[in-house]
>>> print(open('input_16.cif').read())   # mmCIF, C-alpha atoms and all ligand atoms
data_entry
loop_
_atom_site.label_atom_id
_atom_site.label_comp_id
_atom_site.auth_asym_id
_atom_site.auth_seq_id
_atom_site.Cartn_x
_atom_site.Cartn_y
_atom_site.Cartn_z
CA MET A 22 -36.53 -98.17 -1.34
CA LEU A 23 -39.53 -100.10 -0.05
CA ARG A 24 -41.63 -96.94 -0.05
CA ALA A 25 -40.59 -96.16 -3.61
CA PHE A 26 -41.59 -99.67 -4.60
CA ILE A 27 -45.00 -99.32 -2.96
CA ASP A 28 -45.59 -95.90 -4.53
CA THR A 29 -44.62 -97.17 -7.96
CA THR A 30 -46.93 -100.13 -7.62
CA ALA A 31 -49.83 -97.92 -6.51
CA ALA A 32 -49.21 -95.61 -9.47
CA GLY A 33 -49.12 -98.62 -11.78
CA VAL A 34 -52.50 -99.82 -10.53
CA ALA A 35 -53.95 -96.30 -10.94
CA VAL A 36 -52.63 -96.09 -14.50
CA THR A 37 -54.03 -99.48 -15.40
CA ALA A 38 -57.42 -98.45 -14.01
CA ARG A 39 -57.22 -95.21 -15.97
CA ALA A 40 -56.32 -97.00 -19.20
CA VAL A 41 -59.40 -99.21 -18.77
CA LEU A 42 -61.58 -96.15 -18.10
CA ASP A 43 -60.12 -94.32 -21.11
CA ALA A 44 -61.14 -97.18 -23.34
CA LEU A 45 -64.70 -97.09 -21.98
CA LEU A 46 -65.35 -93.36 -21.64
CA PRO A 47 -65.24 -90.62 -24.28
CA PRO A 48 -62.29 -88.19 -23.91
CA GLN A 49 -62.91 -85.22 -21.62
CA CYS A 50 -61.61 -81.66 -21.53
CA PRO A 51 -59.55 -81.39 -18.30
CA ILE A 52 -60.71 -77.79 -17.78
CA THR A 53 -64.47 -78.06 -18.25
CA GLY A 54 -65.11 -81.81 -18.10
CA ASP A 55 -66.97 -81.58 -21.44
CA THR A 56 -66.72 -84.49 -23.86
CA VAL A 57 -64.27 -83.73 -26.70
CA SER A 58 -63.69 -85.30 -30.12
CA ALA A 59 -60.29 -86.86 -29.34
CA PRO A 60 -57.77 -87.24 -26.48
CA GLY A 61 -55.39 -84.26 -26.17
CA VAL A 62 -57.83 -81.56 -27.27
CA LEU A 63 -59.70 -78.94 -25.25
CA SER A 64 -63.37 -78.06 -25.47
CA ALA A 65 -64.25 -74.71 -27.04
CA LYS A 66 -65.20 -73.42 -23.58
CA GLY A 67 -61.88 -74.70 -22.17
CA TRP A 68 -59.92 -72.98 -24.95
CA SER A 69 -61.63 -69.68 -24.28
CA GLN A 70 -60.40 -69.80 -20.66
CA ILE A 71 -56.69 -70.14 -21.57
CA ARG A 72 -54.92 -66.78 -21.37
CA PHE A 73 -51.91 -66.68 -23.69
CA ILE A 74 -49.16 -64.22 -22.80
CA ASP A 75 -48.32 -61.75 -25.54
CA ASP A 76 -46.15 -58.64 -25.73
CA PRO A 77 -45.65 -56.34 -23.94
CA VAL A 78 -43.81 -58.37 -21.28
CA CYS A 79 -40.97 -57.74 -18.81
CA ALA A 80 -37.65 -58.22 -20.64
CA GLY A 81 -36.36 -60.10 -17.59
CA CYS A 82 -38.95 -62.51 -16.24
CA GLY A 83 -41.59 -62.36 -18.99
CA ALA A 84 -44.38 -61.10 -16.71
CA PRO A 85 -47.11 -59.45 -18.78
CA PHE A 86 -47.19 -55.64 -18.74
CA ALA A 87 -50.40 -53.65 -18.95
CA TYR A 88 -48.65 -51.10 -21.20
CA ASN A 89 -45.70 -51.11 -23.57
CA HIS A 90 -42.85 -49.51 -21.63
CA GLY A 91 -40.32 -49.86 -24.47
CA GLU A 92 -37.67 -52.36 -25.44
CA GLY A 93 -35.59 -54.04 -22.72
CA VAL A 94 -37.58 -52.65 -19.76
CA GLN A 95 -37.81 -54.89 -16.68
CA CYS A 96 -40.48 -55.12 -13.99
CA GLY A 97 -40.11 -54.04 -10.36
CA ALA A 98 -39.64 -57.60 -9.14
CA CYS A 99 -36.70 -58.16 -11.52
CA HIS A 100 -35.04 -54.95 -10.32
CA ALA A 101 -35.60 -55.86 -6.68
CA ASP A 102 -34.45 -59.47 -6.85
CA LYS A 103 -31.98 -60.55 -9.52
CA HIS A 104 -32.56 -64.07 -10.80
CA SER A 105 -29.77 -66.20 -12.23
CA PHE A 106 -31.36 -66.81 -15.65
CA ASP A 107 -30.92 -64.09 -18.27
CA SER A 108 -34.58 -63.93 -19.25
CA ALA A 109 -37.75 -65.99 -19.02
CA ARG A 110 -40.76 -66.41 -21.28
CA ALA A 111 -44.04 -68.17 -20.53
CA ALA A 112 -46.76 -69.41 -22.87
CA ILE A 113 -49.85 -68.91 -20.69
CA LEU A 114 -50.94 -67.40 -17.39
CA TYR A 115 -51.22 -69.77 -14.44
CA ASP A 116 -54.79 -69.34 -13.21
CA ASP A 117 -57.73 -71.56 -12.24
CA ALA A 118 -58.24 -72.90 -15.77
CA SER A 119 -54.57 -73.60 -16.58
CA HIS A 120 -54.09 -75.03 -13.07
CA LYS A 121 -56.58 -77.80 -13.94
CA LEU A 122 -54.80 -78.41 -17.23
CA VAL A 123 -51.31 -78.53 -15.69
CA VAL A 124 -52.37 -80.73 -12.77
CA SER A 125 -54.07 -83.24 -15.07
CA PHE A 126 -50.88 -83.34 -17.16
CA LYS A 127 -48.45 -83.47 -14.23
CA HIS A 128 -50.26 -85.74 -11.80
CA GLY A 129 -53.11 -87.27 -13.82
CA ASP A 130 -51.23 -88.99 -16.64
CA ARG A 131 -52.83 -86.74 -19.27
CA THR A 132 -49.59 -86.81 -21.27
CA GLU A 133 -51.55 -86.62 -24.53
CA PHE A 134 -51.45 -82.83 -24.08
CA ALA A 135 -47.63 -82.69 -24.41
CA PRO A 136 -47.59 -82.02 -28.22
CA MET A 137 -50.00 -79.08 -27.80
CA PHE A 138 -47.95 -77.66 -24.90
CA GLY A 139 -44.81 -78.04 -27.05
CA LYS A 140 -46.41 -75.82 -29.70
CA TRP A 141 -47.40 -73.23 -27.10
CA LEU A 142 -43.83 -73.21 -25.72
CA ALA A 143 -42.37 -72.86 -29.22
CA ARG A 144 -44.58 -69.84 -29.84
CA ALA A 145 -43.50 -68.21 -26.55
CA GLY A 146 -39.81 -69.10 -26.98
CA ALA A 147 -39.35 -68.18 -30.66
CA SER A 148 -37.68 -64.86 -29.76
CA LEU A 149 -35.14 -66.55 -27.45
CA ILE A 150 -33.50 -69.02 -29.80
CA ASN A 151 -30.54 -68.97 -32.16
CA GLU A 152 -28.81 -71.74 -34.13
CA GLN A 153 -26.72 -72.73 -31.11
CA SER A 154 -29.54 -72.97 -28.57
CA ILE A 155 -29.85 -76.19 -26.58
CA VAL A 156 -33.07 -77.08 -24.74
CA ILE A 157 -32.66 -78.78 -21.34
CA PRO A 158 -35.59 -79.67 -19.02
CA THR A 159 -35.57 -79.23 -15.25
CA PRO A 160 -34.82 -82.72 -13.94
CA LEU A 161 -36.82 -84.80 -11.47
CA HIS A 162 -35.12 -86.62 -8.62
CA PRO A 163 -34.88 -90.33 -9.57
CA ARG A 164 -37.15 -91.25 -6.64
CA ARG A 165 -39.92 -88.91 -7.82
CA LEU A 166 -39.42 -90.08 -11.41
CA ALA A 167 -39.91 -93.67 -10.25
CA VAL A 168 -43.30 -92.70 -8.74
CA ARG A 169 -44.56 -90.48 -11.56
CA ARG A 170 -42.83 -92.51 -14.32
CA TYR A 171 -42.38 -89.45 -16.52
CA ASN A 172 -40.75 -86.06 -16.19
CA GLN A 173 -43.45 -83.64 -17.32
CA ALA A 174 -40.86 -80.91 -18.05
CA ALA A 175 -38.85 -83.27 -20.26
CA LEU A 176 -41.96 -84.29 -22.20
CA ILE A 177 -42.93 -80.75 -23.13
CA ALA A 178 -39.28 -79.70 -23.64
CA GLY A 179 -38.82 -82.45 -26.24
CA PHE A 180 -41.82 -81.31 -28.27
CA ALA A 181 -40.82 -77.63 -27.88
CA ALA A 182 -37.23 -78.31 -29.05
CA ASN A 183 -38.59 -80.18 -32.07
CA ASP A 184 -40.99 -77.36 -32.97
CA LEU A 185 -38.27 -74.72 -32.42
CA GLY A 186 -35.71 -76.71 -34.43
CA CYS A 187 -33.28 -76.68 -31.44
CA ALA A 188 -30.91 -79.28 -30.07
CA TYR A 189 -32.42 -81.16 -27.12
CA ALA A 190 -30.42 -82.56 -24.21
CA PRO A 191 -32.93 -84.28 -21.88
CA GLN A 192 -30.17 -85.53 -19.58
CA GLY A 193 -28.29 -82.20 -19.39
CA LEU A 194 -29.09 -81.53 -15.74
CA THR A 195 -29.41 -83.81 -12.76
CA ARG A 196 -30.81 -83.38 -9.24
CA THR A 197 -28.03 -83.87 -6.75
CA ARG A 198 -30.49 -84.22 -3.86
CA ALA A 199 -34.21 -84.67 -3.29
CA THR A 200 -36.17 -81.49 -2.49
CA GLN A 201 -39.58 -80.78 -0.99
CA PRO A 202 -42.38 -79.85 -3.43
CA GLN A 203 -42.01 -76.08 -4.02
CA LYS A 204 -45.76 -75.44 -3.86
CA LEU A 205 -45.75 -75.96 -0.08
CA LEU A 206 -43.10 -73.31 0.60
CA SER A 207 -42.72 -69.55 0.98
CA GLU A 208 -40.59 -67.57 -1.51
CA ASP A 209 -37.46 -67.59 0.69
CA ALA A 210 -37.93 -71.25 1.59
CA ARG A 211 -38.24 -72.11 -2.12
CA LYS A 212 -34.83 -70.58 -2.79
CA ARG A 213 -33.23 -72.49 0.09
CA ASN A 214 -35.00 -75.70 -0.92
CA VAL A 215 -33.49 -75.80 -4.42
CA ALA A 216 -30.16 -74.04 -3.74
CA GLY A 217 -27.40 -76.31 -5.02
CA ALA A 218 -29.90 -79.08 -5.85
CA PHE A 219 -28.94 -79.22 -9.55
CA ALA A 220 -25.75 -79.99 -11.45
CA VAL A 221 -24.72 -80.44 -15.06
CA ARG A 222 -24.02 -84.10 -15.76
CA GLU A 223 -20.31 -84.80 -16.12
CA GLU A 224 -20.69 -86.04 -19.69
CA MET A 225 -22.67 -82.90 -20.66
CA ILE A 226 -20.16 -80.28 -19.45
CA GLU A 227 -18.41 -80.10 -22.83
CA LEU A 228 -21.78 -79.54 -24.57
CA VAL A 229 -22.86 -76.83 -22.12
CA ARG A 230 -19.61 -74.81 -22.13
CA ASP A 231 -20.09 -71.48 -24.00
CA ALA A 232 -23.55 -72.59 -25.15
CA HIS A 233 -26.93 -70.86 -25.06
CA ILE A 234 -29.20 -72.99 -22.90
CA ILE A 235 -32.99 -72.80 -22.66
CA VAL A 236 -34.24 -74.43 -19.46
CA VAL A 237 -37.82 -75.69 -19.82
CA ASP A 238 -40.19 -76.18 -16.89
CA ASP A 239 -43.97 -76.49 -16.53
CA VAL A 240 -44.76 -73.67 -14.08
CA LEU A 241 -42.87 -70.56 -12.96
CA THR A 242 -43.94 -69.14 -9.61
CA THR A 243 -41.01 -67.33 -7.95
CA GLY A 244 -38.45 -68.55 -10.50
CA ALA A 245 -36.38 -70.28 -7.77
CA THR A 246 -36.15 -73.64 -9.59
CA VAL A 247 -35.09 -72.31 -13.00
CA SER A 248 -32.74 -69.87 -11.24
CA ALA A 249 -31.03 -72.75 -9.43
CA CYS A 250 -30.77 -74.64 -12.76
CA ALA A 251 -29.28 -71.52 -14.41
CA ARG A 252 -26.67 -71.22 -11.65
CA ALA A 253 -25.57 -74.83 -12.20
CA LEU A 254 -25.39 -74.31 -15.97
CA LYS A 255 -23.38 -71.08 -15.65
CA LYS A 256 -21.04 -72.74 -13.17
CA ALA A 257 -20.39 -75.31 -15.90
CA GLY A 258 -19.57 -72.50 -18.35
CA ALA A 259 -22.85 -71.80 -20.20
CA ALA A 260 -22.69 -68.40 -21.91
CA ARG A 261 -26.39 -67.58 -21.50
CA VAL A 262 -29.33 -69.32 -19.84
CA ASP A 263 -32.94 -68.43 -20.59
CA ALA A 264 -36.02 -70.04 -19.07
CA LEU A 265 -39.07 -71.13 -21.05
CA VAL A 266 -42.13 -72.28 -19.10
CA LEU A 267 -45.60 -73.41 -19.97
CA ALA A 268 -47.42 -71.28 -17.37
CA ARG A 269 -46.39 -68.49 -15.07
CA VAL A 270 -48.02 -66.87 -12.09
CA ALA A 271 -48.87 -63.23 -12.76
CA ARG A 272 -47.33 -61.27 -9.92
CA GLY A 273 -49.68 -58.66 -8.52
CA GLY A 274 -48.66 -55.23 -9.75
CA ALA A 275 -45.85 -56.59 -11.91
CA ASP A 276 -45.07 -53.57 -14.02
CA ALA A 277 -42.07 -51.55 -15.08
CA ILE A 278 -40.19 -49.19 -12.79
ZN ZN A 301 -39.66 -59.11 -14.49
#
>>> encode(input="input_16.cif", output="C-alpha cells", more="lines below")
Ligand SMILES: [Zn+2]
Amino acid sequence: MLRAFIDTTAAGVAVTARAVLDALLPPQCPITGDTVSAPGVLSAKGWSQIRFIDDPVCAGCGAPFAYNHGEGVQCGACHADKHSFDSARAAILYDDASHKLVVSFKHGDRTEFAPMFGKWLARAGASLINEQSIVIPTPLHPRRLAVRRYNQAALIAGFAANDLGCAYAPQGLTRTRATQPQKLLSEDARKRNVAGAFAVREEMIELVRDAHIIVVDDVLTTGATVSACARALKKAGAARVDALVLARVARGGADAI
C-alpha cells in the first residue's frame, strides 16, 4: 500500500512537470521528435513509418500474409497452437516506429493519441462486428491502474466502440490477481503468467451470456493475454470472442499452411 502511494505520488509529480512542459514547448511527434501543428497528430515523416495491416491476413490471428491464400485460411502458428479467441485483427504492425508511439501513449501520458487510435481500431475491426457486439478492454490490476492512472486499453476501446457504433462495457472484465509485465517473459511463461488472471465481473455475467464480445488491447505479441480474457468470457457464456488490437508483432514466416 505504501509503495503504491509512493508510486502514485511520483507519477503525479511527473505528470505535473509534463503539463508545465507541454504548455511551454510546441507539440512533438512521438516517432520522429519533429514539431507538429497540434497535440495528438503525427509528423508527415512519422505517418510514413506507420505500417497499416490490410488484407490478406490470417483468418485466425490476423497476421499479414504475403499472398492471398483464399477465404478462411489460417497461418501455421494458428494451426500449431490454438488460441481461445475466435479471431484477431490488428490495425498496425508493431515495429520500431509504432513501438515509440505505443510507449509514449502507454507510459508517457500521451493520451491525446487515443481518438486517432480508436479510428485505426475501428477500421481494422469493421469486419468483426454485428449489431450485438460488445467491446470490452483488457483490464489493469487496480494497483497498476493506481500508478498509471489510466488503462490505455480502455481508452482506445472507448473510442473504437464509439466509431464502430458498438456497445461498450469498460468494466466487463477484472484482473483477479496481479501479473508480471508480459514483455519480460518467454512465450510459455506468458501463458502461465496470465492463466486464470481474468474474470467477468459478477454484475456483467448476464450481459456477456450468449453475446459477441470484442476484447480490445494495445499490443498483441503471443496472444496470451487476449486468449486468457477470451477463456474467462467463454466460461461466463459468451458465444464468440474476437480480439482487436492496435498493434501486433509480425511473426517471422507467418503464412498459410
Ligand atoms: Zn494466424
>>> residues_near_ligand(input="input_16.cif", ligand="ligand ZN 301 (chain A)", cutoff="10 Å", atoms="all atoms listed in the file", output="NGL selection string")
:A and (78-86 or 94-104 or 108-109 or 272 or 275-277)
>>> residues_around(input="input_16.cif", residues="range 251-262 of chain A", least_positions_apart="6", cutoff="9 Å", atoms="only C-alpha atoms", output="PyMOL selection string")
chain A and resi 104-108+194+217-221+226-236
>>> atom_distance(input="input_16.cif", atom1="CA of His162 in chain A", atom2="CA of Arg198 in chain A")
7.1 Å
>>> atom_distance(input="input_16.cif", atom1="CA of Ile177 in chain A", atom2="CA of Leu114 in chain A")
16.6 Å
>>> atom_distance(input="input_16.cif", atom1="CA of Gly179 in chain A", atom2="CA of Asp55 in chain A")
28.6 Å
>>> residues_around(input="input_16.cif", residues="Ala145 in chain A", least_positions_apart="5", cutoff="7 Å", atoms="only C-alpha atoms", output="ChimeraX atom specification")
/A:110-112
>>> residues_around(input="input_16.cif", residues="range 129-135 of chain A", least_positions_apart="6", cutoff="10 Å", atoms="only C-alpha atoms", output="ChimeraX atom specification")
/A:32,35-36,39-40,51,59-63,122-123,141,169-171,173-181
>>> closest_residue(input="input_16.cif", among="A:Asn214, A:Ser69, A:Gln153, A:Gln201", to="Ala188 in chain A", atoms="all atoms listed in the file")
A:Gln153
>>> closest_residue(input="input_16.cif", among="A:Gly54, A:Gly244, A:Gly186, A:Pro202", to="Ala147 in chain A", atoms="all atoms listed in the file")
A:Gly186
>>> residues_near_point(input="input_16.cif", point="(-38.7, -67.9, -7.6)", cutoff="8 Å", atoms="all atoms listed in the file", output="count of residues only")
12
>>> residues_near_point(input="input_16.cif", point="(-33.7, -81.8, -26.4)", cutoff="7 Å", atoms="only C-alpha atoms", output="MDAnalysis selection string")
chainID A and resid 155:157 178:179 182 188:191
>>> closest_residue(input="input_16.cif", among="A:Trp68, A:Asn89, A:Lys121, A:Gly193", to="Met225 in chain A", atoms="only C-alpha atoms")
A:Gly193
>>> closest_residue(input="input_16.cif", among="A:Thr200, A:Ser148, A:Thr53, A:Ser58", to="Leu265 in chain A", atoms="all atoms listed in the file")
A:Ser148
>>> closest_residue(input="input_16.cif", among="A:Ala210, A:Ala216, A:Ala264, A:Leu45", to="Ser154 in chain A", atoms="only C-alpha atoms")
A:Ala264
>>> build_atoms(input="input_16.cif", residues="range 130-155 of chain A", atoms="N, CA and C atoms", output="PDB file, in the frame of the given file")
ATOM      1  N   ASP A 130     -51.589 -88.167 -15.477  1.00  0.00           N
ATOM      2  CA  ASP A 130     -51.230 -88.990 -16.640  1.00  0.00           C
ATOM      3  C   ASP A 130     -51.846 -88.507 -17.955  1.00  0.00           C
ATOM      4  N   ARG A 131     -52.253 -87.231 -18.009  1.00  0.00           N
ATOM      5  CA  ARG A 131     -52.830 -86.740 -19.270  1.00  0.00           C
ATOM      6  C   ARG A 131     -51.697 -86.264 -20.195  1.00  0.00           C
ATOM      7  N   THR A 132     -50.775 -87.169 -20.483  1.00  0.00           N
ATOM      8  CA  THR A 132     -49.590 -86.810 -21.270  1.00  0.00           C
ATOM      9  C   THR A 132     -49.938 -86.549 -22.738  1.00  0.00           C
ATOM     10  N   GLU A 133     -51.169 -86.857 -23.134  1.00  0.00           N
ATOM     11  CA  GLU A 133     -51.550 -86.620 -24.530  1.00  0.00           C
ATOM     12  C   GLU A 133     -51.570 -85.123 -24.871  1.00  0.00           C
ATOM     13  N   PHE A 134     -51.482 -84.272 -23.824  1.00  0.00           N
ATOM     14  CA  PHE A 134     -51.450 -82.830 -24.080  1.00  0.00           C
ATOM     15  C   PHE A 134     -50.051 -82.304 -24.376  1.00  0.00           C
ATOM     16  N   ALA A 135     -49.018 -83.148 -24.226  1.00  0.00           N
ATOM     17  CA  ALA A 135     -47.630 -82.690 -24.410  1.00  0.00           C
ATOM     18  C   ALA A 135     -47.371 -82.067 -25.795  1.00  0.00           C
ATOM     19  N   PRO A 136     -47.865 -82.656 -26.912  1.00  0.00           N
ATOM     20  CA  PRO A 136     -47.590 -82.020 -28.220  1.00  0.00           C
ATOM     21  C   PRO A 136     -48.184 -80.605 -28.315  1.00  0.00           C
ATOM     22  N   MET A 137     -49.378 -80.411 -27.767  1.00  0.00           N
ATOM     23  CA  MET A 137     -50.000 -79.080 -27.800  1.00  0.00           C
ATOM     24  C   MET A 137     -49.178 -78.093 -26.951  1.00  0.00           C
ATOM     25  N   PHE A 138     -48.749 -78.538 -25.759  1.00  0.00           N
ATOM     26  CA  PHE A 138     -47.950 -77.660 -24.900  1.00  0.00           C
ATOM     27  C   PHE A 138     -46.612 -77.326 -25.578  1.00  0.00           C
ATOM     28  N   GLY A 139     -46.051 -78.289 -26.310  1.00  0.00           N
ATOM     29  CA  GLY A 139     -44.810 -78.040 -27.050  1.00  0.00           C
ATOM     30  C   GLY A 139     -44.979 -76.898 -28.043  1.00  0.00           C
ATOM     31  N   LYS A 140     -46.130 -76.891 -28.729  1.00  0.00           N
ATOM     32  CA  LYS A 140     -46.410 -75.820 -29.700  1.00  0.00           C
ATOM     33  C   LYS A 140     -46.565 -74.472 -28.996  1.00  0.00           C
ATOM     34  N   TRP A 141     -47.230 -74.487 -27.854  1.00  0.00           N
ATOM     35  CA  TRP A 141     -47.400 -73.230 -27.100  1.00  0.00           C
ATOM     36  C   TRP A 141     -46.038 -72.700 -26.645  1.00  0.00           C
ATOM     37  N   LEU A 142     -45.178 -73.619 -26.165  1.00  0.00           N
ATOM     38  CA  LEU A 142     -43.830 -73.210 -25.720  1.00  0.00           C
ATOM     39  C   LEU A 142     -43.024 -72.657 -26.893  1.00  0.00           C
ATOM     40  N   ALA A 143     -43.127 -73.311 -28.050  1.00  0.00           N
ATOM     41  CA  ALA A 143     -42.370 -72.860 -29.220  1.00  0.00           C
ATOM     42  C   ALA A 143     -42.789 -71.454 -29.624  1.00  0.00           C
ATOM     43  N   ARG A 144     -44.073 -71.176 -29.511  1.00  0.00           N
ATOM     44  CA  ARG A 144     -44.580 -69.840 -29.840  1.00  0.00           C
ATOM     45  C   ARG A 144     -43.990 -68.799 -28.866  1.00  0.00           C
ATOM     46  N   ALA A 145     -43.998 -69.153 -27.568  1.00  0.00           N
ATOM     47  CA  ALA A 145     -43.500 -68.210 -26.550  1.00  0.00           C
ATOM     48  C   ALA A 145     -41.979 -68.060 -26.602  1.00  0.00           C
ATOM     49  N   GLY A 146     -41.276 -69.115 -27.042  1.00  0.00           N
ATOM     50  CA  GLY A 146     -39.810 -69.100 -26.980  1.00  0.00           C
ATOM     51  C   GLY A 146     -39.136 -68.731 -28.287  1.00  0.00           C
ATOM     52  N   ALA A 147     -39.934 -68.431 -29.324  1.00  0.00           N
ATOM     53  CA  ALA A 147     -39.350 -68.180 -30.660  1.00  0.00           C
ATOM     54  C   ALA A 147     -38.332 -67.034 -30.621  1.00  0.00           C
ATOM     55  N   SER A 148     -38.584 -66.026 -29.770  1.00  0.00           N
ATOM     56  CA  SER A 148     -37.680 -64.860 -29.760  1.00  0.00           C
ATOM     57  C   SER A 148     -36.389 -65.144 -28.989  1.00  0.00           C
ATOM     58  N   LEU A 149     -36.330 -66.263 -28.271  1.00  0.00           N
ATOM     59  CA  LEU A 149     -35.140 -66.550 -27.450  1.00  0.00           C
ATOM     60  C   LEU A 149     -34.049 -67.280 -28.224  1.00  0.00           C
ATOM     61  N   ILE A 150     -34.441 -68.028 -29.249  1.00  0.00           N
ATOM     62  CA  ILE A 150     -33.500 -69.020 -29.800  1.00  0.00           C
ATOM     63  C   ILE A 150     -32.554 -68.469 -30.868  1.00  0.00           C
ATOM     64  N   ASN A 151     -31.426 -69.150 -31.008  1.00  0.00           N
ATOM     65  CA  ASN A 151     -30.540 -68.970 -32.160  1.00  0.00           C
ATOM     66  C   ASN A 151     -30.083 -70.358 -32.596  1.00  0.00           C
ATOM     67  N   GLU A 152     -29.195 -70.424 -33.580  1.00  0.00           N
ATOM     68  CA  GLU A 152     -28.810 -71.740 -34.130  1.00  0.00           C
ATOM     69  C   GLU A 152     -28.076 -72.610 -33.108  1.00  0.00           C
ATOM     70  N   GLN A 153     -27.493 -71.967 -32.100  1.00  0.00           N
ATOM     71  CA  GLN A 153     -26.720 -72.730 -31.110  1.00  0.00           C
ATOM     72  C   GLN A 153     -27.510 -73.106 -29.853  1.00  0.00           C
ATOM     73  N   SER A 154     -28.771 -72.742 -29.794  1.00  0.00           N
ATOM     74  CA  SER A 154     -29.540 -72.970 -28.570  1.00  0.00           C
ATOM     75  C   SER A 154     -29.735 -74.462 -28.288  1.00  0.00           C
ATOM     76  N   ILE A 155     -29.626 -74.808 -27.014  1.00  0.00           N
ATOM     77  CA  ILE A 155     -29.850 -76.190 -26.580  1.00  0.00           C
ATOM     78  C   ILE A 155     -30.948 -76.179 -25.514  1.00  0.00           C
TER      79      ILE A 155
END
